[in-house]
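**Q** Next comes the structure file target.txt, holding compact mmCIF, N, CA and C atoms and all ligand atoms.
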# COMPACT_ATOMS: atom_id res chain seq x y z
N MET A 4 0.83 -1.19 0.00
CA MET A 4 0.00 0.00 0.00
C MET A 4 0.87 1.25 0.00
N GLN A 5 0.67 2.10 -1.02
CA GLN A 5 1.45 3.33 -1.09
C GLN A 5 0.53 4.53 -0.96
N MET A 6 0.67 5.24 0.16
CA MET A 6 -0.23 6.36 0.40
C MET A 6 0.30 7.63 -0.24
N LYS A 7 -0.61 8.36 -0.83
CA LYS A 7 -0.26 9.62 -1.46
C LYS A 7 -1.13 10.71 -0.85
N LYS A 8 -0.56 11.90 -0.70
CA LYS A 8 -1.32 13.01 -0.13
C LYS A 8 -1.61 14.06 -1.20
N THR A 9 -2.81 14.59 -1.14
CA THR A 9 -3.20 15.66 -2.05
C THR A 9 -3.71 16.83 -1.24
N LEU A 10 -3.25 18.01 -1.60
CA LEU A 10 -3.76 19.22 -0.95
C LEU A 10 -4.75 19.87 -1.90
N TRP A 11 -5.99 19.96 -1.48
CA TRP A 11 -7.03 20.51 -2.33
C TRP A 11 -7.33 21.94 -1.91
N LYS A 12 -7.19 22.87 -2.86
CA LYS A 12 -7.53 24.27 -2.63
C LYS A 12 -8.57 24.65 -3.66
N PRO A 13 -9.83 24.76 -3.23
CA PRO A 13 -10.86 25.11 -4.21
C PRO A 13 -10.65 26.51 -4.75
N SER A 14 -11.10 26.73 -5.99
CA SER A 14 -10.94 28.06 -6.58
C SER A 14 -12.03 29.01 -6.11
N THR A 15 -13.01 28.49 -5.37
CA THR A 15 -14.14 29.32 -4.96
C THR A 15 -13.99 29.89 -3.56
N CYS A 16 -12.98 29.44 -2.80
CA CYS A 16 -12.77 29.96 -1.44
C CYS A 16 -11.31 29.74 -1.04
N GLN A 17 -10.98 30.07 0.20
CA GLN A 17 -9.60 29.99 0.66
C GLN A 17 -9.28 28.70 1.42
N CYS A 18 -10.22 27.79 1.46
CA CYS A 18 -10.04 26.57 2.25
C CYS A 18 -8.89 25.70 1.73
N GLU A 19 -8.39 24.86 2.62
CA GLU A 19 -7.41 23.85 2.24
C GLU A 19 -7.82 22.54 2.88
N VAL A 20 -7.90 21.52 2.09
CA VAL A 20 -8.25 20.21 2.61
C VAL A 20 -7.18 19.22 2.12
N GLU A 21 -6.54 18.56 3.06
CA GLU A 21 -5.53 17.57 2.67
C GLU A 21 -6.12 16.19 2.88
N TYR A 22 -5.95 15.34 1.89
CA TYR A 22 -6.45 13.97 2.03
C TYR A 22 -5.43 12.97 1.52
N GLU A 23 -5.55 11.77 2.04
CA GLU A 23 -4.60 10.71 1.76
C GLU A 23 -5.32 9.59 1.03
N TRP A 24 -4.66 9.02 0.06
CA TRP A 24 -5.27 7.92 -0.67
C TRP A 24 -4.22 6.92 -1.10
N ASP A 25 -4.69 5.70 -1.33
CA ASP A 25 -3.80 4.60 -1.69
C ASP A 25 -3.62 4.57 -3.20
N ARG A 26 -2.41 4.82 -3.65
CA ARG A 26 -2.18 4.92 -5.09
C ARG A 26 -2.23 3.55 -5.79
N ASP A 27 -2.18 2.49 -5.02
CA ASP A 27 -2.23 1.15 -5.61
C ASP A 27 -3.65 0.68 -5.91
N SER A 28 -4.64 1.27 -5.26
CA SER A 28 -6.01 0.83 -5.53
C SER A 28 -6.60 1.68 -6.65
N SER A 29 -7.57 1.11 -7.36
CA SER A 29 -8.09 1.78 -8.55
C SER A 29 -8.92 3.00 -8.17
N GLU A 30 -9.06 3.90 -9.13
CA GLU A 30 -9.72 5.17 -8.89
C GLU A 30 -11.16 4.98 -8.42
N ALA A 31 -11.80 3.94 -8.92
CA ALA A 31 -13.22 3.72 -8.59
C ALA A 31 -13.41 3.19 -7.17
N THR A 32 -12.43 2.49 -6.67
CA THR A 32 -12.64 1.83 -5.37
C THR A 32 -11.84 2.45 -4.24
N ARG A 33 -10.89 3.31 -4.54
CA ARG A 33 -10.04 3.81 -3.48
C ARG A 33 -10.80 4.72 -2.50
N THR A 34 -10.30 4.74 -1.28
CA THR A 34 -10.88 5.59 -0.25
C THR A 34 -9.96 6.77 0.01
N HIS A 35 -10.55 7.94 0.13
CA HIS A 35 -9.78 9.14 0.44
C HIS A 35 -10.06 9.52 1.88
N VAL A 36 -9.01 9.64 2.66
CA VAL A 36 -9.18 9.97 4.08
C VAL A 36 -8.70 11.39 4.32
N ILE A 37 -9.55 12.21 4.89
CA ILE A 37 -9.21 13.60 5.18
C ILE A 37 -8.17 13.61 6.31
N THR A 38 -7.04 14.27 6.07
CA THR A 38 -5.98 14.29 7.08
C THR A 38 -5.79 15.68 7.69
N ARG A 39 -6.24 16.72 6.98
CA ARG A 39 -6.07 18.07 7.52
C ARG A 39 -7.11 18.99 6.90
N VAL A 40 -7.71 19.84 7.71
CA VAL A 40 -8.70 20.78 7.20
C VAL A 40 -8.37 22.16 7.71
N ASN A 41 -8.35 23.13 6.81
CA ASN A 41 -8.17 24.51 7.20
C ASN A 41 -9.25 25.32 6.48
N ASP A 42 -10.40 25.46 7.14
CA ASP A 42 -11.47 26.22 6.48
C ASP A 42 -11.43 27.67 6.92
N LYS A 43 -10.80 28.45 6.08
CA LYS A 43 -10.51 29.85 6.39
C LYS A 43 -11.76 30.69 6.21
N ASN A 44 -12.61 30.71 7.24
CA ASN A 44 -13.86 31.47 7.20
C ASN A 44 -14.61 31.24 5.89
N CYS A 45 -14.85 30.00 5.59
CA CYS A 45 -15.43 29.64 4.31
C CYS A 45 -16.79 30.28 4.09
N GLN A 46 -16.96 30.90 2.92
CA GLN A 46 -18.23 31.54 2.56
C GLN A 46 -18.98 30.70 1.54
N VAL A 47 -18.40 29.61 1.14
CA VAL A 47 -18.99 28.78 0.09
C VAL A 47 -19.59 27.54 0.76
N SER A 48 -20.66 27.06 0.16
CA SER A 48 -21.34 25.96 0.83
C SER A 48 -20.88 24.59 0.35
N HIS A 49 -19.58 24.36 0.32
CA HIS A 49 -19.15 22.98 0.07
C HIS A 49 -19.25 22.23 1.39
N PRO A 50 -19.27 20.90 1.34
CA PRO A 50 -19.50 20.17 2.58
C PRO A 50 -18.43 20.48 3.62
N LYS A 51 -18.82 20.39 4.87
CA LYS A 51 -17.86 20.56 5.97
C LYS A 51 -17.02 19.30 6.04
N PHE A 52 -15.73 19.45 6.00
CA PHE A 52 -14.87 18.29 6.07
C PHE A 52 -14.35 18.11 7.49
N ILE A 53 -14.21 16.87 7.88
CA ILE A 53 -13.77 16.55 9.22
C ILE A 53 -12.55 15.64 9.11
N VAL A 54 -11.52 15.95 9.88
CA VAL A 54 -10.32 15.12 9.85
C VAL A 54 -10.68 13.70 10.24
N GLY A 55 -10.22 12.74 9.46
CA GLY A 55 -10.51 11.34 9.72
C GLY A 55 -11.69 10.82 8.91
N GLU A 56 -12.45 11.74 8.31
CA GLU A 56 -13.60 11.36 7.49
C GLU A 56 -13.13 10.61 6.25
N LYS A 57 -13.88 9.55 5.90
CA LYS A 57 -13.51 8.74 4.74
C LYS A 57 -14.47 9.02 3.59
N LEU A 58 -13.91 9.29 2.42
CA LEU A 58 -14.72 9.47 1.22
C LEU A 58 -14.46 8.28 0.31
N GLU A 59 -15.48 7.46 0.12
CA GLU A 59 -15.35 6.29 -0.74
C GLU A 59 -15.49 6.75 -2.20
N GLY A 60 -15.16 5.84 -3.11
CA GLY A 60 -15.16 6.15 -4.54
C GLY A 60 -16.22 7.12 -5.03
N SER A 61 -17.50 6.77 -4.94
CA SER A 61 -18.53 7.59 -5.57
C SER A 61 -18.76 8.91 -4.84
N SER A 62 -18.68 8.92 -3.53
CA SER A 62 -18.91 10.20 -2.83
C SER A 62 -17.76 11.16 -3.10
N TYR A 63 -16.56 10.61 -3.29
CA TYR A 63 -15.42 11.43 -3.65
C TYR A 63 -15.62 12.07 -5.03
N HIS A 64 -16.10 11.26 -5.97
CA HIS A 64 -16.29 11.77 -7.33
C HIS A 64 -17.44 12.77 -7.39
N ASN A 65 -18.50 12.52 -6.63
CA ASN A 65 -19.61 13.47 -6.58
C ASN A 65 -19.16 14.81 -6.01
N TRP A 66 -18.34 14.73 -4.99
CA TRP A 66 -17.81 15.94 -4.37
C TRP A 66 -17.02 16.75 -5.39
N HIS A 67 -16.13 16.09 -6.13
CA HIS A 67 -15.32 16.80 -7.12
C HIS A 67 -16.16 17.36 -8.26
N LYS A 68 -17.16 16.57 -8.69
CA LYS A 68 -18.03 17.02 -9.77
C LYS A 68 -18.75 18.30 -9.34
N GLU A 69 -19.26 18.28 -8.12
CA GLU A 69 -19.99 19.42 -7.58
C GLU A 69 -19.08 20.65 -7.45
N GLU A 70 -17.85 20.43 -6.99
CA GLU A 70 -16.90 21.54 -6.84
C GLU A 70 -16.52 22.13 -8.19
N ASN A 71 -16.34 21.26 -9.20
CA ASN A 71 -16.01 21.75 -10.53
C ASN A 71 -17.15 22.58 -11.11
N ARG A 72 -18.38 22.13 -10.82
CA ARG A 72 -19.55 22.85 -11.31
C ARG A 72 -19.59 24.25 -10.69
N LYS A 73 -19.33 24.32 -9.39
CA LYS A 73 -19.35 25.61 -8.69
C LYS A 73 -18.26 26.54 -9.23
N ALA A 74 -17.08 25.98 -9.48
CA ALA A 74 -15.97 26.78 -9.99
C ALA A 74 -16.30 27.33 -11.38
N GLU A 75 -16.94 26.49 -12.22
CA GLU A 75 -17.34 26.92 -13.56
C GLU A 75 -18.35 28.05 -13.49
N GLU A 76 -19.30 27.91 -12.59
CA GLU A 76 -20.34 28.91 -12.40
C GLU A 76 -19.73 30.24 -11.98
N LYS A 77 -18.80 30.16 -11.05
CA LYS A 77 -18.14 31.37 -10.55
C LYS A 77 -17.39 32.07 -11.68
N LYS A 78 -16.70 31.27 -12.51
CA LYS A 78 -15.95 31.82 -13.63
C LYS A 78 -16.89 32.54 -14.60
N LYS A 79 -18.04 31.90 -14.86
CA LYS A 79 -19.02 32.46 -15.79
C LYS A 79 -19.52 33.81 -15.28
N VAL A 80 -19.85 33.86 -14.00
CA VAL A 80 -20.36 35.09 -13.40
C VAL A 80 -19.30 36.19 -13.47
N GLU A 81 -18.05 35.83 -13.20
CA GLU A 81 -16.96 36.79 -13.26
C GLU A 81 -16.75 37.32 -14.68
N LEU A 82 -16.86 36.42 -15.66
CA LEU A 82 -16.68 36.82 -17.05
C LEU A 82 -17.78 37.78 -17.50
N GLN A 83 -19.01 37.51 -17.05
CA GLN A 83 -20.12 38.36 -17.44
C GLN A 83 -20.00 39.74 -16.80
N ALA A 84 -19.47 39.76 -15.59
CA ALA A 84 -19.39 41.02 -14.86
C ALA A 84 -18.28 41.92 -15.39
N LYS A 85 -17.28 41.30 -16.01
CA LYS A 85 -16.10 42.05 -16.42
C LYS A 85 -16.09 42.26 -17.93
N PRO A 86 -16.11 43.49 -18.41
CA PRO A 86 -16.01 43.70 -19.85
C PRO A 86 -14.62 43.31 -20.36
N ILE A 87 -14.59 42.78 -21.56
CA ILE A 87 -13.31 42.41 -22.17
C ILE A 87 -12.96 43.49 -23.18
N ILE A 88 -11.76 44.04 -23.08
CA ILE A 88 -11.33 45.09 -24.00
C ILE A 88 -10.13 44.57 -24.78
N PHE A 89 -10.20 44.72 -26.09
CA PHE A 89 -9.10 44.23 -26.91
C PHE A 89 -8.95 45.07 -28.17
N THR A 90 -7.79 44.95 -28.80
CA THR A 90 -7.57 45.65 -30.07
C THR A 90 -7.52 44.63 -31.19
N ASP A 91 -8.02 45.02 -32.36
CA ASP A 91 -7.94 44.11 -33.51
C ASP A 91 -6.66 44.38 -34.29
N THR A 92 -6.53 43.70 -35.44
CA THR A 92 -5.27 43.81 -36.21
C THR A 92 -5.05 45.21 -36.77
N GLU A 93 -6.14 46.01 -36.84
CA GLU A 93 -5.98 47.39 -37.33
C GLU A 93 -5.93 48.39 -36.19
N HIS A 94 -5.62 47.87 -35.01
CA HIS A 94 -5.42 48.69 -33.81
C HIS A 94 -6.66 49.45 -33.35
N ARG A 95 -7.83 48.94 -33.76
CA ARG A 95 -9.05 49.54 -33.24
C ARG A 95 -9.37 48.90 -31.89
N LEU A 96 -9.91 49.69 -31.01
CA LEU A 96 -10.21 49.22 -29.67
C LEU A 96 -11.68 48.78 -29.58
N TRP A 97 -11.89 47.56 -29.06
CA TRP A 97 -13.23 47.00 -28.95
C TRP A 97 -13.53 46.67 -27.49
N LYS A 98 -14.81 46.73 -27.20
CA LYS A 98 -15.23 46.34 -25.86
C LYS A 98 -16.35 45.31 -25.97
N PHE A 99 -16.17 44.19 -25.28
CA PHE A 99 -17.21 43.16 -25.24
C PHE A 99 -17.77 43.18 -23.82
N ASP A 100 -18.99 43.67 -23.71
CA ASP A 100 -19.58 43.85 -22.39
C ASP A 100 -21.00 43.32 -22.37
N ASN A 101 -21.27 42.45 -21.46
CA ASN A 101 -22.62 41.91 -21.26
C ASN A 101 -23.22 41.38 -22.55
N GLY A 102 -22.43 40.65 -23.33
CA GLY A 102 -22.91 40.03 -24.55
C GLY A 102 -22.92 40.96 -25.76
N LYS A 103 -22.52 42.22 -25.58
CA LYS A 103 -22.53 43.17 -26.70
C LYS A 103 -21.12 43.58 -27.06
N LEU A 104 -20.87 43.66 -28.38
CA LEU A 104 -19.56 44.08 -28.86
C LEU A 104 -19.68 45.49 -29.43
N GLU A 105 -18.86 46.37 -28.98
CA GLU A 105 -18.88 47.73 -29.54
C GLU A 105 -17.47 48.31 -29.64
N GLN A 106 -17.31 49.18 -30.61
CA GLN A 106 -16.01 49.83 -30.80
C GLN A 106 -15.90 51.01 -29.84
N VAL A 107 -14.74 51.12 -29.24
CA VAL A 107 -14.57 52.22 -28.25
C VAL A 107 -13.76 53.35 -28.84
ZN ZN B 201 -14.32 26.67 1.59
Have the structure of the file written as structure tokens, please.
**A**
Amino acid sequence: MQMKKTLWKPSTCQCEVEYEWDRDSSEATRTHVITRVNDKNCQVSHPKFIVGEKLEGSSYHNWHKEENRKAEEKKKVELQAKPIIFTDTEHRLWKFDNGKLEQV
């Protein structure tokens, strides 16, 4: 049994969760054991992790799927809120804001 540690830092908050897993067992069956939690005043509603908690194959994958979805959503909201400004090959300045493209 070869244990490997992973430090997970979600892109949606400042938390850090360290977990240990057996690199010899397959991805579908391996168990991930939480070894360290640092929830820095978390404002995001991901599950509360507890040191010693075991995440079996499917609950581990559901957790990651859910976290990826949240990160994608956050990125989308940020992109919509922020106008993109760029120049084209003829050095004209364009602004893409809230789905609209206009020359500045
Ligand atoms: Zn968090």
**Q** Between atom C of Pro50 of chain A and atom CA of Lys77 of chain A, what is the distance in Å, rounded to a tenth?
**A**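 Computed distance, atom C of Pro50 of chain A to atom CA of Lys77 of chain A, equals 17.9 Å.
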**Q** Please identify the residues whose atoms come within 5 Å of ligand ZN 201 (chain B), using all atoms listed in the file, and report them as a ChimeraX atom specification.
**A** /A:16-18,45
**Q** Find the distance between atom CA of Asp27 of chain A and atom N of Lys7 of chain A and write it in Å to one decimal.
**A**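 Pair atom CA of Asp27 of chain A / atom N of Lys7 of chain A returns 8.8 Å.
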**Q** With all atoms listed in the file as the basis for distance, which of A:Glu105, A:Glu59, A:Glu81, A:Glu69 is at the shortest distance from Thr32 of chain A?
**A**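 Answer, going by the shortest atom-to-atom distance: A:Glu59.
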**Q** Might you pull out every residue within 5 Å of Trp11 of chain A, with only N, CA and C atoms counted and same-chain residues fewer than 4 positions away left off, and present them as a list in words?
**A**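 My list of contacting residues is Glu19, Val20 and Glu21 of chain A.
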**Q** Can you write out the residues you just picked, keeping N, CA and C atoms, as an mmCIF file, in the frame of the given file?
**A**
data_model
loop_
_atom_site.group_PDB
_atom_site.id
_atom_site.type_symbol
_atom_site.label_atom_id
_atom_site.label_comp_id
_atom_site.auth_asym_id
_atom_site.auth_seq_id
_atom_site.Cartn_x
_atom_site.Cartn_y
_atom_site.Cartn_z
ATOM 1 N N GLU A 19 -8.390 24.860 2.620
ATOM 2 C CA GLU A 19 -7.410 23.850 2.240
ATOM 3 C C GLU A 19 -7.820 22.540 2.880
ATOM 4 N N VAL A 20 -7.900 21.520 2.090
ATOM 5 C CA VAL A 20 -8.250 20.210 2.610
ATOM 6 C C VAL A 20 -7.180 19.220 2.120
ATOM 7 N N GLU A 21 -6.540 18.560 3.060
ATOM 8 C CA GLU A 21 -5.530 17.570 2.670
ATOM 9 C C GLU A 21 -6.120 16.190 2.880
#
**Q** Around the point (-5.2, 12.7, 3.2) (coordinates from the file), which residues reach within 10 Å if we count only C-alpha atoms? Answer as a ChimeraX atom specification.
**A** /A:6-11,20-25,34-40,54-57
**Q** To test your reading of the structure, identify every residue in segment 15-79 of chain A that backbone DSSP assigns to strand (DSSP E or B), and report it as a CSV table (one decimal) with N, CA and C atoms, in the frame of the given file.
**A**
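Generated output (selection.csv):
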chain,number,residue,atom,x,y,z
A,19,GLU,N,-8.4,24.9,2.6
A,19,GLU,CA,-7.4,23.8,2.2
A,19,GLU,C,-7.8,22.5,2.9
A,20,VAL,N,-7.9,21.5,2.1
A,20,VAL,CA,-8.2,20.2,2.6
A,20,VAL,C,-7.2,19.2,2.1
A,21,GLU,N,-6.5,18.6,3.1
A,21,GLU,CA,-5.5,17.6,2.7
A,21,GLU,C,-6.1,16.2,2.9
A,22,TYR,N,-6.0,15.3,1.9
A,22,TYR,CA,-6.4,14.0,2.0
A,22,TYR,C,-5.4,13.0,1.5
A,23,GLU,N,-5.6,11.8,2.0
A,23,GLU,CA,-4.6,10.7,1.8
A,23,GLU,C,-5.3,9.6,1.0
A,24,TRP,N,-4.7,9.0,0.1
A,24,TRP,CA,-5.3,7.9,-0.7
A,24,TRP,C,-4.2,6.9,-1.1
A,25,ASP,N,-4.7,5.7,-1.3
A,25,ASP,CA,-3.8,4.6,-1.7
A,25,ASP,C,-3.6,4.6,-3.2
A,35,HIS,N,-10.6,7.9,0.1
A,35,HIS,CA,-9.8,9.1,0.4
A,35,HIS,C,-10.1,9.5,1.9
A,36,VAL,N,-9.0,9.6,2.7
A,36,VAL,CA,-9.2,10.0,4.1
A,36,VAL,C,-8.7,11.4,4.3
A,37,ILE,N,-9.6,12.2,4.9
A,37,ILE,CA,-9.2,13.6,5.2
A,37,ILE,C,-8.2,13.6,6.3
A,38,THR,N,-7.0,14.3,6.1
A,38,THR,CA,-6.0,14.3,7.1
A,38,THR,C,-5.8,15.7,7.7
A,39,ARG,N,-6.2,16.7,7.0
A,39,ARG,CA,-6.1,18.1,7.5
A,39,ARG,C,-7.1,19.0,6.9
A,40,VAL,N,-7.7,19.8,7.7
A,40,VAL,CA,-8.7,20.8,7.2
A,40,VAL,C,-8.4,22.2,7.7
A,41,ASN,N,-8.4,23.1,6.8
A,41,ASN,CA,-8.2,24.5,7.2
A,41,ASN,C,-9.2,25.3,6.5
A,57,LYS,N,-13.9,9.6,5.9
A,57,LYS,CA,-13.5,8.7,4.7
A,57,LYS,C,-14.5,9.0,3.6
A,58,LEU,N,-13.9,9.3,2.4
A,58,LEU,CA,-14.7,9.5,1.2
A,58,LEU,C,-14.5,8.3,0.3
**Q** For segment 84-96 of chain A, work out the shell of residues within 6.5 Å, counting all atoms listed in the file and skipping chain neighbours fewer than 5 positions away, then give it as a list in words.
**A**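 Counting only the stated atoms, we get Lys79, Asn101, Glu105, Gln106 and Val107 of chain A.
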**Q** Please measure the separation of atom CA of Ala74 of chain A and atom CA of Ala31 of chain A, giving the value in Å to one decimal.
**A**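 The value is 23.3 Å.
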**Q** So that all listed atoms of segment 43-57 of chain A fit with 8 Å spare on each side, what axis-aligned box centre and edge lengths in Å, to one decimal, would you give as AutoDock Vina command-line options?
**A**
--center_x -15.8 --center_y 20.1 --center_z 5.2 --size_x 27.1 --size_y 38.8 --size_z 26.2
**Q** Would you pick out the contacts of Glu75 of chain A at 12 Å or less, using only C-alpha atoms, so that residues sharing its chain but fewer than 5 positions from it are not included, and give the list as a PDB file with N, CA and C atoms, in the coordinates of the input?
**A**
ATOM      1  N   PRO A  13      -9.830  24.760  -3.230  1.00  0.00           N
ATOM      2  CA  PRO A  13     -10.860  25.110  -4.210  1.00  0.00           C
ATOM      3  C   PRO A  13     -10.650  26.510  -4.750  1.00  0.00           C
ATOM      4  N   SER A  14     -11.100  26.730  -5.990  1.00  0.00           N
ATOM      5  CA  SER A  14     -10.940  28.060  -6.580  1.00  0.00           C
ATOM      6  C   SER A  14     -12.030  29.010  -6.110  1.00  0.00           C
ATOM      7  N   THR A  15     -13.010  28.490  -5.370  1.00  0.00           N
ATOM      8  CA  THR A  15     -14.140  29.320  -4.960  1.00  0.00           C
ATOM      9  C   THR A  15     -13.990  29.890  -3.560  1.00  0.00           C
ATOM     10  N   LYS A  68     -17.160  16.570  -8.690  1.00  0.00           N
ATOM     11  CA  LYS A  68     -18.030  17.020  -9.770  1.00  0.00           C
ATOM     12  C   LYS A  68     -18.750  18.300  -9.340  1.00  0.00           C
ATOM     13  N   GLU A  69     -19.260  18.280  -8.120  1.00  0.00           N
ATOM     14  CA  GLU A  69     -19.990  19.420  -7.580  1.00  0.00           C
ATOM     15  C   GLU A  69     -19.080  20.650  -7.450  1.00  0.00           C
ATOM     16  N   GLU A  70     -17.850  20.430  -6.990  1.00  0.00           N
ATOM     17  CA  GLU A  70     -16.900  21.540  -6.840  1.00  0.00           C
ATOM     18  C   GLU A  70     -16.520  22.130  -8.190  1.00  0.00           C
ATOM     19  N   VAL A  80     -19.850  33.860 -14.000  1.00  0.00           N
ATOM     20  CA  VAL A  80     -20.360  35.090 -13.400  1.00  0.00           C
ATOM     21  C   VAL A  80     -19.300  36.190 -13.470  1.00  0.00           C
ATOM     22  N   GLU A  81     -18.050  35.830 -13.200  1.00  0.00           N
ATOM     23  CA  GLU A  81     -16.960  36.790 -13.260  1.00  0.00           C
ATOM     24  C   GLU A  81     -16.750  37.320 -14.680  1.00  0.00           C
ATOM     25  N   LEU A  82     -16.860  36.420 -15.660  1.00  0.00           N
ATOM     26  CA  LEU A  82     -16.680  36.820 -17.050  1.00  0.00           C
ATOM     27  C   LEU A  82     -17.780  37.780 -17.500  1.00  0.00           C
TER      28      LEU A  82
END
**Q** Mind listing the alpha helix (DSSP H) residues of chain A, per DSSP on the backbone, as an MDAnalysis selection string?
**A** chainID A and resid 60:84
